[in-house]
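Undergrad: Got a file for you: structure_34.pdb, PDB, C-alpha atoms.
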```pdb
ATOM      1  CA  MET A   1      11.951 -15.924 -38.394
ATOM      2  CA  ASP A   2      10.953 -19.512 -37.836
ATOM      3  CA  ALA A   3      10.251 -21.565 -34.717
ATOM      4  CA  LEU A   4      13.850 -22.684 -34.506
ATOM      5  CA  ASP A   5      15.026 -19.058 -34.538
ATOM      6  CA  TYR A   6      12.839 -18.368 -31.502
ATOM      7  CA  ARG A   7      14.133 -21.438 -29.696
ATOM      8  CA  LEU A   8      17.663 -20.337 -30.480
ATOM      9  CA  ILE A   9      17.042 -16.810 -29.135
ATOM     10  CA  ALA A  10      15.542 -18.336 -26.019
ATOM     11  CA  ALA A  11      18.602 -20.557 -25.574
ATOM     12  CA  VAL A  12      21.209 -17.806 -25.954
ATOM     13  CA  GLN A  13      19.451 -14.902 -24.247
ATOM     14  CA  ALA A  14      20.975 -15.561 -20.846
ATOM     15  CA  GLY A  15      24.404 -15.613 -22.458
ATOM     16  CA  LEU A  16      26.865 -18.061 -23.919
ATOM     17  CA  PRO A  17      28.463 -20.555 -21.559
ATOM     18  CA  LEU A  18      32.102 -19.738 -20.868
ATOM     19  CA  THR A  19      33.547 -22.835 -22.479
ATOM     20  CA  ALA A  20      35.814 -23.343 -25.461
ATOM     21  CA  ARG A  21      32.968 -24.423 -27.766
ATOM     22  CA  PRO A  22      29.984 -22.375 -26.571
ATOM     23  CA  TYR A  23      27.991 -22.682 -29.795
ATOM     24  CA  ALA A  24      28.356 -26.452 -29.684
ATOM     25  CA  ALA A  25      26.964 -26.395 -26.138
ATOM     26  CA  ILE A  26      23.940 -24.360 -27.296
ATOM     27  CA  ALA A  27      23.515 -26.661 -30.297
ATOM     28  CA  ALA A  28      23.502 -29.725 -28.051
ATOM     29  CA  GLN A  29      20.707 -28.218 -25.914
ATOM     30  CA  LEU A  30      18.569 -27.679 -28.998
ATOM     31  CA  ASP A  31      19.522 -30.860 -30.792
ATOM     32  CA  MET A  32      20.988 -28.712 -33.543
ATOM     33  CA  ASP A  33      24.228 -28.625 -35.405
ATOM     34  CA  GLU A  34      26.969 -26.255 -34.167
ATOM     35  CA  GLN A  35      27.403 -24.759 -37.628
ATOM     36  CA  ASP A  36      23.647 -24.213 -37.972
ATOM     37  CA  VAL A  37      23.626 -22.301 -34.676
ATOM     38  CA  ILE A  38      26.444 -20.060 -35.886
ATOM     39  CA  VAL A  39      24.883 -19.465 -39.304
ATOM     40  CA  ARG A  40      21.455 -18.716 -37.837
ATOM     41  CA  LEU A  41      22.829 -16.255 -35.281
ATOM     42  CA  GLY A  42      24.736 -14.524 -38.071
ATOM     43  CA  ARG A  43      21.573 -14.297 -40.143
ATOM     44  CA  LEU A  44      19.476 -12.939 -37.250
ATOM     45  CA  LYS A  45      22.152 -10.318 -36.740
ATOM     46  CA  THR A  46      22.242  -9.364 -40.430
ATOM     47  CA  GLU A  47      18.455  -9.177 -40.493
ATOM     48  CA  GLY A  48      18.560  -6.839 -37.507
ATOM     49  CA  LEU A  49      16.541  -8.877 -35.028
ATOM     50  CA  ILE A  50      19.724  -9.322 -33.044
ATOM     51  CA  ARG A  51      20.823  -5.758 -32.776
ATOM     52  CA  ARG A  52      24.222  -6.612 -31.483
ATOM     53  CA  TRP A  53      25.905  -9.829 -30.556
ATOM     54  CA  GLY A  54      28.511  -9.576 -27.875
ATOM     55  CA  VAL A  55      29.555  -8.546 -24.424
ATOM     56  CA  VAL A  56      26.804  -6.733 -22.522
ATOM     57  CA  VAL A  57      28.448  -4.660 -19.793
ATOM     58  CA  LYS A  58      26.984  -3.500 -16.517
ATOM     59  CA  HIS A  59      27.821   0.172 -16.593
ATOM     60  CA  ARG A  60      27.143   0.836 -12.908
ATOM     61  CA  GLN A  61      29.582  -1.832 -11.847
ATOM     62  CA  LEU A  62      32.202  -0.274 -14.116
ATOM     63  CA  GLY A  63      32.041   3.091 -12.420
ATOM     64  CA  TYR A  64      29.453   4.711 -14.681
ATOM     65  CA  ARG A  65      27.138   5.738 -11.898
ATOM     66  CA  ALA A  66      25.762   8.992 -13.278
ATOM     67  CA  ASN A  67      22.974   7.969 -15.591
ATOM     68  CA  ALA A  68      20.789  10.693 -17.013
ATOM     69  CA  MET A  69      17.679  10.342 -19.086
ATOM     70  CA  ILE A  70      17.069  13.643 -20.842
ATOM     71  CA  VAL A  71      13.622  14.334 -22.230
ATOM     72  CA  MET A  72      13.063  17.079 -24.794
ATOM     73  CA  ASP A  73      10.127  18.836 -26.375
ATOM     74  CA  ILE A  74      10.973  19.030 -30.090
ATOM     75  CA  PRO A  75       8.561  20.285 -32.753
ATOM     76  CA  ASP A  76       6.968  17.201 -34.315
ATOM     77  CA  ASP A  77       8.178  18.032 -37.811
ATOM     78  CA  GLN A  78      11.791  18.230 -36.583
ATOM     79  CA  VAL A  79      11.960  15.341 -34.157
ATOM     80  CA  ALA A  80      13.200  12.691 -36.597
ATOM     81  CA  GLU A  81      16.040  14.847 -37.841
ATOM     82  CA  MET A  82      16.934  15.913 -34.297
ATOM     83  CA  GLY A  83      16.886  12.287 -33.120
ATOM     84  CA  LEU A  84      19.445  11.379 -35.748
ATOM     85  CA  ARG A  85      21.625  14.365 -34.859
ATOM     86  CA  VAL A  86      21.533  13.647 -31.131
ATOM     87  CA  SER A  87      22.342   9.982 -31.602
ATOM     88  CA  GLN A  88      25.550  10.806 -33.525
ATOM     89  CA  HIS A  89      27.264  11.861 -30.310
ATOM     90  CA  SER A  90      29.482   9.141 -28.898
ATOM     91  CA  PHE A  91      28.384   9.780 -25.311
ATOM     92  CA  VAL A  92      24.696   9.312 -26.142
ATOM     93  CA  ASN A  93      23.735   5.745 -25.320
ATOM     94  CA  LEU A  94      20.132   5.636 -26.501
ATOM     95  CA  CYS A  95      17.814   7.957 -28.386
ATOM     96  CA  TYR A  96      14.093   7.343 -28.834
ATOM     97  CA  ARG A  97      10.927   9.145 -29.842
ATOM     98  CA  ARG A  98       7.990   8.578 -27.511
ATOM     99  CA  PRO A  99       4.473  10.045 -27.410
ATOM    100  CA  ARG A 100       3.821  13.302 -25.543
ATOM    101  CA  GLN A 101       1.379  13.078 -22.643
ATOM    102  CA  GLY A 102      -0.217  16.494 -22.976
ATOM    103  CA  GLU A 103       0.978  19.230 -20.655
ATOM    104  CA  VAL A 104       1.686  16.723 -17.885
ATOM    105  CA  TRP A 105       4.624  15.405 -19.895
ATOM    106  CA  PRO A 106       5.115  17.344 -23.117
ATOM    107  CA  TYR A 107       8.287  15.568 -24.204
ATOM    108  CA  ASN A 108       8.735  13.558 -27.375
ATOM    109  CA  LEU A 109      12.484  12.878 -27.640
ATOM    110  CA  TYR A 110      14.470  10.882 -25.091
ATOM    111  CA  CYS A 111      18.182  10.309 -24.872
ATOM    112  CA  MET A 112      20.384   8.616 -22.320
ATOM    113  CA  ILE A 113      23.851   9.640 -21.199
ATOM    114  CA  HIS A 114      25.883   7.400 -18.892
ATOM    115  CA  GLY A 115      28.894   8.999 -17.237
ATOM    116  CA  LYS A 116      31.243   8.503 -14.335
ATOM    117  CA  ASN A 117      29.914  11.560 -12.552
ATOM    118  CA  ARG A 118      27.233  14.189 -12.747
ATOM    119  CA  GLU A 119      29.530  17.008 -13.835
ATOM    120  CA  THR A 120      30.697  15.073 -16.901
ATOM    121  CA  VAL A 121      27.151  14.233 -17.901
ATOM    122  CA  LEU A 122      25.981  17.831 -17.495
ATOM    123  CA  GLN A 123      28.935  19.034 -19.547
ATOM    124  CA  GLN A 124      28.098  16.526 -22.270
ATOM    125  CA  TRP A 125      24.511  17.718 -22.252
ATOM    126  CA  ALA A 126      25.730  21.305 -22.608
ATOM    127  CA  ASP A 127      27.869  20.240 -25.572
ATOM    128  CA  LEU A 128      24.904  18.441 -27.078
ATOM    129  CA  GLN A 129      22.658  21.473 -26.647
ATOM    130  CA  GLN A 130      25.193  23.639 -28.384
ATOM    131  CA  SER A 131      25.971  21.338 -31.287
ATOM    132  CA  CYS A 132      22.302  20.555 -31.964
ATOM    133  CA  GLY A 133      20.902  24.027 -31.295
ATOM    134  CA  LEU A 134      18.910  22.842 -28.284
ATOM    135  CA  GLU A 135      19.662  25.757 -25.949
ATOM    136  CA  ALA A 136      16.073  27.007 -26.012
ATOM    137  CA  CYS A 137      14.506  23.575 -26.034
ATOM    138  CA  ARG A 138      12.219  22.727 -23.125
ATOM    139  CA  HIS A 139      13.695  19.693 -21.375
ATOM    140  CA  GLU A 140      14.158  17.836 -18.096
ATOM    141  CA  ILE A 141      17.182  15.890 -16.875
ATOM    142  CA  LEU A 142      16.351  12.802 -14.859
ATOM    143  CA  PHE A 143      19.371  11.334 -13.113
ATOM    144  CA  SER A 144      18.891   7.831 -11.806
ATOM    145  CA  ARG A 145      18.989   7.177  -8.085
ATOM    146  CA  ARG A 146      18.290   3.639  -6.968
ATOM    147  CA  CYS A 147      18.377   0.726  -9.384
ATOM    148  CA  PHE A 148      15.613  -1.646  -8.283
ATOM    149  CA  LYS A 149      15.999  -4.137 -11.098
ATOM    150  CA  GLN A 150      18.227  -4.699 -14.095
ATOM    151  CA  ARG A 151      18.576  -7.914 -15.967
ATOM    152  CA  GLY A 152      19.154  -9.473 -19.348
ATOM    153  CA  ALA A 153      16.749 -10.470 -22.057
ATOM    154  CA  ILE A 154      14.275 -13.218 -21.345
ATOM    155  CA  TYR A 155      12.358 -14.514 -24.317
ATOM    156  CA  LYS A 156      10.452 -17.758 -24.014
ATOM    157  CA  ALA A 157      10.005 -20.208 -26.861
ATOM    158  CA  PRO A 158       8.202 -21.529 -28.789
ATOM    159  CA  VAL A 159       5.318 -19.355 -27.607
ATOM    160  CA  ILE A 160       6.929 -15.972 -27.881
ATOM    161  CA  GLU A 161       6.720 -14.428 -24.490
ATOM    162  CA  PRO A 162       9.437 -11.850 -24.350
ATOM    163  CA  LEU A 163      10.172 -10.448 -20.968
ATOM    164  CA  GLU A 164      13.006  -8.050 -21.483
ATOM    165  CA  PHE A 165      15.276  -6.323 -23.929
ATOM    166  CA  SER A 166      17.162  -3.067 -23.815
ATOM    167  CA  HIS A 167      15.054   0.007 -23.125
ATOM    168  CA  GLY A 168      11.423  -0.219 -24.153
TER     169      GLY A 168
ATOM    170  CA  MET B   1      42.147  -1.972 -11.181
ATOM    171  CA  LEU B   2      41.393  -3.922 -14.322
ATOM    172  CA  ALA B   3      44.140  -5.565 -16.309
ATOM    173  CA  SER B   4      44.596  -4.601 -19.927
ATOM    174  CA  LEU B   5      43.152  -7.942 -21.047
ATOM    175  CA  HIS B   6      39.929  -7.302 -19.108
ATOM    176  CA  LYS B   7      39.614  -3.839 -20.622
ATOM    177  CA  HIS B   8      39.955  -5.231 -24.128
ATOM    178  CA  LEU B   9      37.368  -7.890 -23.421
ATOM    179  CA  LEU B  10      34.928  -5.283 -22.080
ATOM    180  CA  ASN B  11      35.363  -2.802 -24.901
ATOM    181  CA  ASP B  12      36.292  -4.634 -28.068
ATOM    182  CA  TYR B  13      33.659  -7.362 -28.249
ATOM    183  CA  GLN B  14      30.380  -5.568 -27.584
ATOM    184  CA  GLN B  15      29.367  -5.469 -31.240
ATOM    185  CA  ASP B  16      30.915  -8.407 -32.947
ATOM    186  CA  PHE B  17      31.700 -11.250 -30.644
ATOM    187  CA  PRO B  18      33.137 -13.947 -32.928
ATOM    188  CA  LEU B  19      30.578 -16.238 -34.522
ATOM    189  CA  SER B  20      32.963 -19.132 -35.002
ATOM    190  CA  PRO B  21      33.266 -22.553 -33.360
ATOM    191  CA  THR B  22      36.041 -21.280 -31.082
ATOM    192  CA  PRO B  23      35.294 -17.629 -30.296
ATOM    193  CA  PHE B  24      37.464 -17.471 -27.186
ATOM    194  CA  LEU B  25      40.425 -18.865 -29.080
ATOM    195  CA  ASP B  26      39.853 -16.301 -31.853
ATOM    196  CA  ILE B  27      39.886 -13.514 -29.268
ATOM    197  CA  ALA B  28      42.986 -14.959 -27.633
ATOM    198  CA  GLU B  29      44.800 -14.915 -30.958
ATOM    199  CA  GLN B  30      43.706 -11.345 -31.637
ATOM    200  CA  LEU B  31      44.968 -10.211 -28.254
ATOM    201  CA  GLY B  32      48.092 -12.354 -28.103
ATOM    202  CA  VAL B  33      47.114 -14.401 -25.066
ATOM    203  CA  THR B  34      45.905 -17.962 -24.518
ATOM    204  CA  GLU B  35      42.350 -19.234 -24.799
ATOM    205  CA  GLY B  36      42.515 -20.236 -21.128
ATOM    206  CA  GLU B  37      43.420 -16.692 -20.126
ATOM    207  CA  VAL B  38      40.493 -15.264 -22.087
ATOM    208  CA  LEU B  39      38.038 -17.706 -20.519
ATOM    209  CA  ALA B  40      39.418 -17.047 -17.042
ATOM    210  CA  ALA B  41      39.190 -13.285 -17.558
ATOM    211  CA  PHE B  42      35.564 -13.509 -18.721
ATOM    212  CA  GLN B  43      34.850 -15.659 -15.687
ATOM    213  CA  VAL B  44      36.226 -12.928 -13.426
ATOM    214  CA  LEU B  45      34.214 -10.215 -15.220
ATOM    215  CA  ALA B  46      31.060 -12.287 -14.825
ATOM    216  CA  GLU B  47      31.731 -13.036 -11.157
ATOM    217  CA  GLN B  48      32.414  -9.381 -10.419
ATOM    218  CA  GLN B  49      29.159  -8.452 -12.162
ATOM    219  CA  MET B  50      30.919  -6.278 -14.714
ATOM    220  CA  ILE B  51      29.228  -8.054 -17.586
ATOM    221  CA  SER B  52      25.694  -9.347 -17.618
ATOM    222  CA  ARG B  53      26.253 -11.781 -20.468
ATOM    223  CA  ILE B  54      27.819 -12.518 -23.810
ATOM    224  CA  GLY B  55      24.766 -12.719 -25.973
ATOM    225  CA  PRO B  56      22.138 -10.869 -27.953
ATOM    226  CA  VAL B  57      20.607  -7.464 -27.551
ATOM    227  CA  ILE B  58      17.285  -7.835 -29.320
ATOM    228  CA  ALA B  59      15.968  -4.971 -31.456
ATOM    229  CA  PRO B  60      13.182  -3.039 -29.709
ATOM    230  CA  ASN B  61       9.751  -4.481 -30.409
ATOM    231  CA  ALA B  62      11.162  -7.090 -32.781
ATOM    232  CA  ILE B  63       9.727  -9.757 -30.512
ATOM    233  CA  GLY B  64       6.671  -8.907 -28.454
ATOM    234  CA  ASN B  65       5.598  -5.533 -27.259
ATOM    235  CA  SER B  66       7.463  -3.206 -24.953
ATOM    236  CA  ALA B  67       7.017   0.179 -23.372
ATOM    237  CA  LEU B  68       8.724   2.517 -20.982
ATOM    238  CA  VAL B  69       6.490   3.219 -18.013
ATOM    239  CA  ALA B  70       6.690   6.062 -15.503
ATOM    240  CA  MET B  71       4.957   6.516 -12.169
ATOM    241  CA  ALA B  72       4.807   9.382  -9.699
ATOM    242  CA  VAL B  73       4.980   7.803  -6.266
ATOM    243  CA  PRO B  74       5.250   9.579  -2.900
ATOM    244  CA  GLU B  75       8.701   9.079  -1.398
ATOM    245  CA  GLN B  76       7.453   7.124   1.606
ATOM    246  CA  ASP B  77       5.734   4.601  -0.684
ATOM    247  CA  LEU B  78       8.444   4.306  -3.302
ATOM    248  CA  ALA B  79      10.414   1.306  -2.021
ATOM    249  CA  HIS B  80       7.226  -0.675  -1.535
ATOM    250  CA  VAL B  81       5.803   0.193  -4.967
ATOM    251  CA  ALA B  82       9.162  -0.462  -6.637
ATOM    252  CA  ALA B  83       9.277  -3.919  -5.071
ATOM    253  CA  LEU B  84       5.753  -4.707  -6.276
ATOM    254  CA  VAL B  85       6.690  -3.570  -9.790
ATOM    255  CA  SER B  86      10.018  -5.430  -9.846
ATOM    256  CA  ALA B  87       8.264  -8.658  -8.925
ATOM    257  CA  TYR B  88       6.666  -8.842 -12.379
ATOM    258  CA  PRO B  89       8.728 -11.001 -14.728
ATOM    259  CA  GLU B  90       7.681  -8.642 -17.533
ATOM    260  CA  VAL B  91       9.506  -5.758 -15.838
ATOM    261  CA  ASN B  92      13.163  -4.875 -16.067
ATOM    262  CA  HIS B  93      15.354  -1.799 -15.733
ATOM    263  CA  ASN B  94      13.320  -0.513 -12.843
ATOM    264  CA  TYR B  95      14.947   2.740 -11.682
ATOM    265  CA  GLU B  96      14.285   5.569  -9.320
ATOM    266  CA  ARG B  97      14.899   8.898 -11.065
ATOM    267  CA  GLU B  98      15.115  12.474  -9.822
ATOM    268  CA  ASN B  99      11.777  13.823 -10.942
ATOM    269  CA  ARG B 100       8.144  14.123  -9.897
ATOM    270  CA  PHE B 101       7.833  10.980 -12.038
ATOM    271  CA  ASN B 102      10.272   9.055  -9.898
ATOM    272  CA  LEU B 103       9.823   5.413 -10.910
ATOM    273  CA  TRP B 104      10.784   4.324 -14.427
ATOM    274  CA  PHE B 105      10.713   0.816 -15.774
ATOM    275  CA  VAL B 106      10.550  -1.119 -19.023
ATOM    276  CA  LEU B 107       7.772  -3.603 -19.552
ATOM    277  CA  ILE B 108       8.008  -6.349 -22.143
ATOM    278  CA  ALA B 109       4.980  -8.440 -22.993
ATOM    279  CA  SER B 110       4.090 -10.919 -25.691
ATOM    280  CA  ASP B 111       1.553  -8.564 -27.271
ATOM    281  CA  GLN B 112      -0.406  -5.365 -26.717
ATOM    282  CA  ALA B 113      -3.170  -7.085 -24.740
ATOM    283  CA  HIS B 114      -0.656  -8.703 -22.402
ATOM    284  CA  LEU B 115       1.055  -5.346 -21.925
ATOM    285  CA  GLN B 116      -2.235  -3.653 -21.028
ATOM    286  CA  ARG B 117      -3.105  -6.451 -18.625
ATOM    287  CA  VAL B 118       0.151  -6.027 -16.730
ATOM    288  CA  ILE B 119      -0.251  -2.235 -16.648
ATOM    289  CA  SER B 120      -3.786  -2.461 -15.233
ATOM    290  CA  ASP B 121      -2.621  -5.009 -12.724
ATOM    291  CA  ILE B 122       0.258  -2.803 -11.583
ATOM    292  CA  GLU B 123      -2.104   0.161 -11.146
ATOM    293  CA  THR B 124      -4.525  -1.931  -9.110
ATOM    294  CA  GLN B 125      -1.786  -3.495  -6.984
ATOM    295  CA  THR B 126       0.039  -0.268  -6.224
ATOM    296  CA  GLY B 127      -2.864   2.178  -6.223
ATOM    297  CA  TYR B 128      -0.990   4.612  -8.464
ATOM    298  CA  LYS B 129      -1.478   5.608 -12.092
ATOM    299  CA  THR B 130       1.074   4.816 -14.772
ATOM    300  CA  MET B 131       2.225   6.832 -17.754
ATOM    301  CA  LEU B 132       2.766   4.551 -20.737
ATOM    302  CA  LEU B 133       5.494   5.662 -23.130
ATOM    303  CA  PRO B 134       5.951   3.214 -25.997
ATOM    304  CA  MET B 135       8.766   3.773 -28.436
ATOM    305  CA  LEU B 136       7.675   5.443 -31.665
ATOM    306  CA  ALA B 137      11.067   5.610 -33.332
ATOM    307  CA  ASP B 138      14.585   4.565 -32.487
ATOM    308  CA  TYR B 139      17.383   6.856 -33.665
ATOM    309  CA  PHE B 140      20.226   5.105 -32.000
ATOM    310  CA  ILE B 141      23.223   4.383 -34.182
ATOM    311  CA  ASN B 142      26.209   4.176 -31.873
ATOM    312  CA  LEU B 143      25.624   0.697 -30.545
ATOM    313  CA  GLY B 144      27.319  -0.670 -27.502
ATOM    314  CA  PHE B 145      28.790   1.191 -24.616
ATOM    315  CA  GLU B 146      32.158   2.813 -25.077
ATOM    316  CA  LEU B 147      34.021   2.577 -21.798
ATOM    317  CA  ASN B 148      36.748   4.848 -20.629
ATOM    318  CA  LEU B 149      38.684   2.454 -18.416
ATOM    319  CA  ASN B 150      41.849   4.483 -18.093
ATOM    320  CA  ASP B 151      41.043   6.191 -14.842
TER     321      ASP B 151
END
```
What is this file in structure tokens?

TA:
Amino acid sequence: MDALDYRLIAAVQAGLPLTARPYAAIAAQLDMDEQDVIVRLGRLKTEGLIRRWGVVVKHRQLGYRANAMIVMDIPDDQVAEMGLRVSQHSFVNLCYRRPRQGEVWPYNLYCMIHGKNRETVLQQWADLQQSCGLEACRHEILFSRRCFKQRGAIYKAPVIEPLEFSHG
Amino acid sequence: MLASLHKHLLNDYQQDFPLSPTPFLDIAEQLGVTEGEVLAAFQVLAEQQMISRIGPVIAPNAIGNSALVAMAVPEQDLAHVAALVSAYPEVNHNYERENRFNLWFVLIASDQAHLQRVISDIETQTGYKTMLLPMLADYFINLGFELNLND
């Protein structure tokens, strides 16, 4: 990644303008060439820095109001394999390993399920437990209540001061 | 009720929005409508807050340093603490969840030191401890959000 890549990320993070030639508009802001903008974005995507390039939906607004974060206590030597298995399910939106916090919070695998209602999400969790052999696994289900803040990526350039992305 | 065009725009372009000089025209041709209709439909989706943007989702920790943070806050203090937390530009996705740890947010800083500074500041400001849960591994494969828009 070079300085121009960071400036480009900073310029597109709030989203493309809804005009016929959006990449040309971004290019004009950065005093770049439209084709260079397109090629660079493609490269950043191939390299994996841009994880996906497209429409970012607001699930709550679309009726997906039941949002559960499920935390699990998986033996350390099995957590990587279990993470991959869990993330194969189409209804799982995110799946991360995070450090345990002793007995206060003994969980090391996190996944997220967004659904239209609680019953659907709980059913999906039951399916997940069954297909991954998680019936006996210690876990907690944390449904979301109020959303206090949700917003898109903010990365500043050229000093890299990123202020948001997807889920920590 | 969303029109079929809106549903396609929401579902079909989460991963690979066209990287071409005329992306909206490309989409229009794929869906058999006009470029103007595609732009107008995206405008509606943006105005109705159904999409947050057409743009990048950056890989976790690819730029800067991020962590999930949890706090256990007494109910009567929660709205106040949540507002203090949300006021930080480094904070996003600040949610109340059903748990003894009832406030969950993502913090993104430029580096580890910056992250720690914000955490200490939040603890001082709110008077409550935080539980810092950085990502150790990311297993997610199924990118995007598959919407069932038929009901």

Undergrad: Tell me, as a short mmCIF file (atom, residue, chain, number, x, y, z; two decimals) with C-alpha atoms, in the coordinates of the input, which residues lie within 10 Å of Ala70 in chain B, counting only C-alpha atoms; anything in the same chain fewer than 5 positions away does not count.

TA:
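Contents of out.cif, as written:
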```cif
data_model
loop_
_atom_site.label_atom_id
_atom_site.label_comp_id
_atom_site.auth_asym_id
_atom_site.auth_seq_id
_atom_site.Cartn_x
_atom_site.Cartn_y
_atom_site.Cartn_z
CA ASN B 94 13.32 -0.51 -12.84
CA TYR B 95 14.95 2.74 -11.68
CA GLU B 96 14.28 5.57 -9.32
CA ARG B 97 14.90 8.90 -11.06
CA ARG B 100 8.14 14.12 -9.90
CA PHE B 101 7.83 10.98 -12.04
CA ASN B 102 10.27 9.06 -9.90
CA LEU B 103 9.82 5.41 -10.91
CA TRP B 104 10.78 4.32 -14.43
CA PHE B 105 10.71 0.82 -15.77
CA VAL B 106 10.55 -1.12 -19.02
CA LYS B 129 -1.48 5.61 -12.09
CA THR B 130 1.07 4.82 -14.77
CA MET B 131 2.22 6.83 -17.75
CA LEU B 132 2.77 4.55 -20.74
CA LEU B 133 5.49 5.66 -23.13
#
```

Undergrad: Taking the file as shown, what set of residues would the ChimeraX specification (/A :<6) & /B give back, as a PyMOL selection string?

TA: chain B and resi 13-17+19+21-22+50-59+64+66-68+90+92-98+106+108-110+133-140

Undergrad: Of the candidates B:Ala40, B:Leu147, B:Ile122, B:Ala113, which shows the shortest atom-to-atom distance to Met71 in chain B, using only C-alpha atoms?

TA: B:Ile122

Undergrad: To verify the selection step, state as a PyMOL selection string which residues the PyMOL selection byres ((chain B and resi 6) around 10) yields on this input.

TA: chain B and resi 1-5+7-11+38+40-42+44-45+149

Undergrad: As lines of an AutoDock Vina configuration file, please: the centre and edge lengths in Å, to one decimal, of an axis-aligned box enclosing every listed atom of range 74-77 of chain B with 8 Å added on each side.

TA:
```
center_x = 7.0
center_y = 7.1
center_z = -0.6
size_x = 19.5
size_y = 21.0
size_z = 20.5
```

Undergrad: One number please: CA of Gly102 in chain A to CA of Cys137 in chain A, in Å, one decimal.

TA: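 If I compute the distance from CA of Gly102 in chain A to CA of Cys137 in chain A, I get 16.6 Å.
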
Undergrad: CA of Cys132 in chain A and CA of Glu119 in chain A are how many Å apart?

TA: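 It comes out at 19.8 Å.
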
Undergrad: Could you work out how far CA of His139 in chain A lies from CA of Thr126 in chain B, giving the answer in Å with one decimal?

TA: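 Computed distance, CA of Thr126 in chain B to CA of His139 in chain A, equals 28.5 Å.
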
Undergrad: Which residue gives the smallest distance to Met112 in chain A among A:Met32, A:Ala10, A:Leu128, A:Asp5, with all atoms listed in the file counted?

TA: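 So, comparing all the options, the nearest one is A:Leu128.
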
Undergrad: Any chance you could model N, CA, C and O atoms for range 10-22 of chain A and send them as an mmCIF file, keeping the file's coordinate frame?

TA:
```
data_model
loop_
_atom_site.group_PDB
_atom_site.id
_atom_site.type_symbol
_atom_site.label_atom_id
_atom_site.label_comp_id
_atom_site.auth_asym_id
_atom_site.auth_seq_id
_atom_site.Cartn_x
_atom_site.Cartn_y
_atom_site.Cartn_z
ATOM 1 N N ALA A 10 15.835 -17.979 -27.412
ATOM 2 C CA ALA A 10 15.542 -18.336 -26.019
ATOM 3 C C ALA A 10 16.748 -19.007 -25.359
ATOM 4 O O ALA A 10 17.039 -18.783 -24.186
ATOM 5 N N ALA A 11 17.472 -19.807 -26.141
ATOM 6 C CA ALA A 11 18.602 -20.557 -25.574
ATOM 7 C C ALA A 11 19.836 -19.673 -25.326
ATOM 8 O O ALA A 11 20.622 -19.959 -24.426
ATOM 9 N N VAL A 12 19.990 -18.632 -26.109
ATOM 10 C CA VAL A 12 21.209 -17.806 -25.954
ATOM 11 C C VAL A 12 20.984 -16.527 -25.156
ATOM 12 O O VAL A 12 21.923 -15.810 -24.827
ATOM 13 N N GLN A 13 19.725 -16.216 -24.831
ATOM 14 C CA GLN A 13 19.451 -14.902 -24.247
ATOM 15 C C GLN A 13 20.126 -14.687 -22.892
ATOM 16 O O GLN A 13 20.453 -13.557 -22.534
ATOM 17 N N ALA A 14 20.318 -15.739 -22.146
ATOM 18 C CA ALA A 14 20.975 -15.561 -20.846
ATOM 19 C C ALA A 14 22.492 -15.492 -21.000
ATOM 20 O O ALA A 14 23.212 -15.247 -20.042
ATOM 21 N N GLY A 15 22.972 -15.722 -22.208
ATOM 22 C CA GLY A 15 24.404 -15.613 -22.458
ATOM 23 C C GLY A 15 25.043 -16.939 -22.811
ATOM 24 O O GLY A 15 24.551 -18.010 -22.444
ATOM 25 N N LEU A 16 26.127 -16.855 -23.542
ATOM 26 C CA LEU A 16 26.865 -18.061 -23.919
ATOM 27 C C LEU A 16 27.556 -18.646 -22.693
ATOM 28 O O LEU A 16 28.019 -17.904 -21.827
ATOM 29 N N PRO A 17 27.642 -19.970 -22.626
ATOM 30 C CA PRO A 17 28.463 -20.555 -21.559
ATOM 31 C C PRO A 17 29.942 -20.246 -21.806
ATOM 32 O O PRO A 17 30.366 -20.117 -22.960
ATOM 33 N N LEU A 18 30.681 -20.071 -20.728
ATOM 34 C CA LEU A 18 32.102 -19.738 -20.868
ATOM 35 C C LEU A 18 32.906 -21.021 -21.003
ATOM 36 O O LEU A 18 33.590 -21.459 -20.080
ATOM 37 N N THR A 19 32.786 -21.628 -22.170
ATOM 38 C CA THR A 19 33.547 -22.835 -22.479
ATOM 39 C C THR A 19 34.127 -22.669 -23.881
ATOM 40 O O THR A 19 33.666 -21.822 -24.645
ATOM 41 N N ALA A 20 35.087 -23.510 -24.201
ATOM 42 C CA ALA A 20 35.814 -23.343 -25.461
ATOM 43 C C ALA A 20 34.895 -23.418 -26.684
ATOM 44 O O ALA A 20 35.124 -22.743 -27.676
ATOM 45 N N ARG A 21 33.872 -24.273 -26.610
ATOM 46 C CA ARG A 21 32.968 -24.423 -27.766
ATOM 47 C C ARG A 21 31.542 -24.037 -27.377
ATOM 48 O O ARG A 21 30.638 -24.883 -27.336
ATOM 49 N N PRO A 22 31.297 -22.776 -27.097
ATOM 50 C CA PRO A 22 29.984 -22.375 -26.571
ATOM 51 C C PRO A 22 28.823 -22.638 -27.532
ATOM 52 O O PRO A 22 27.727 -22.977 -27.105
#
```
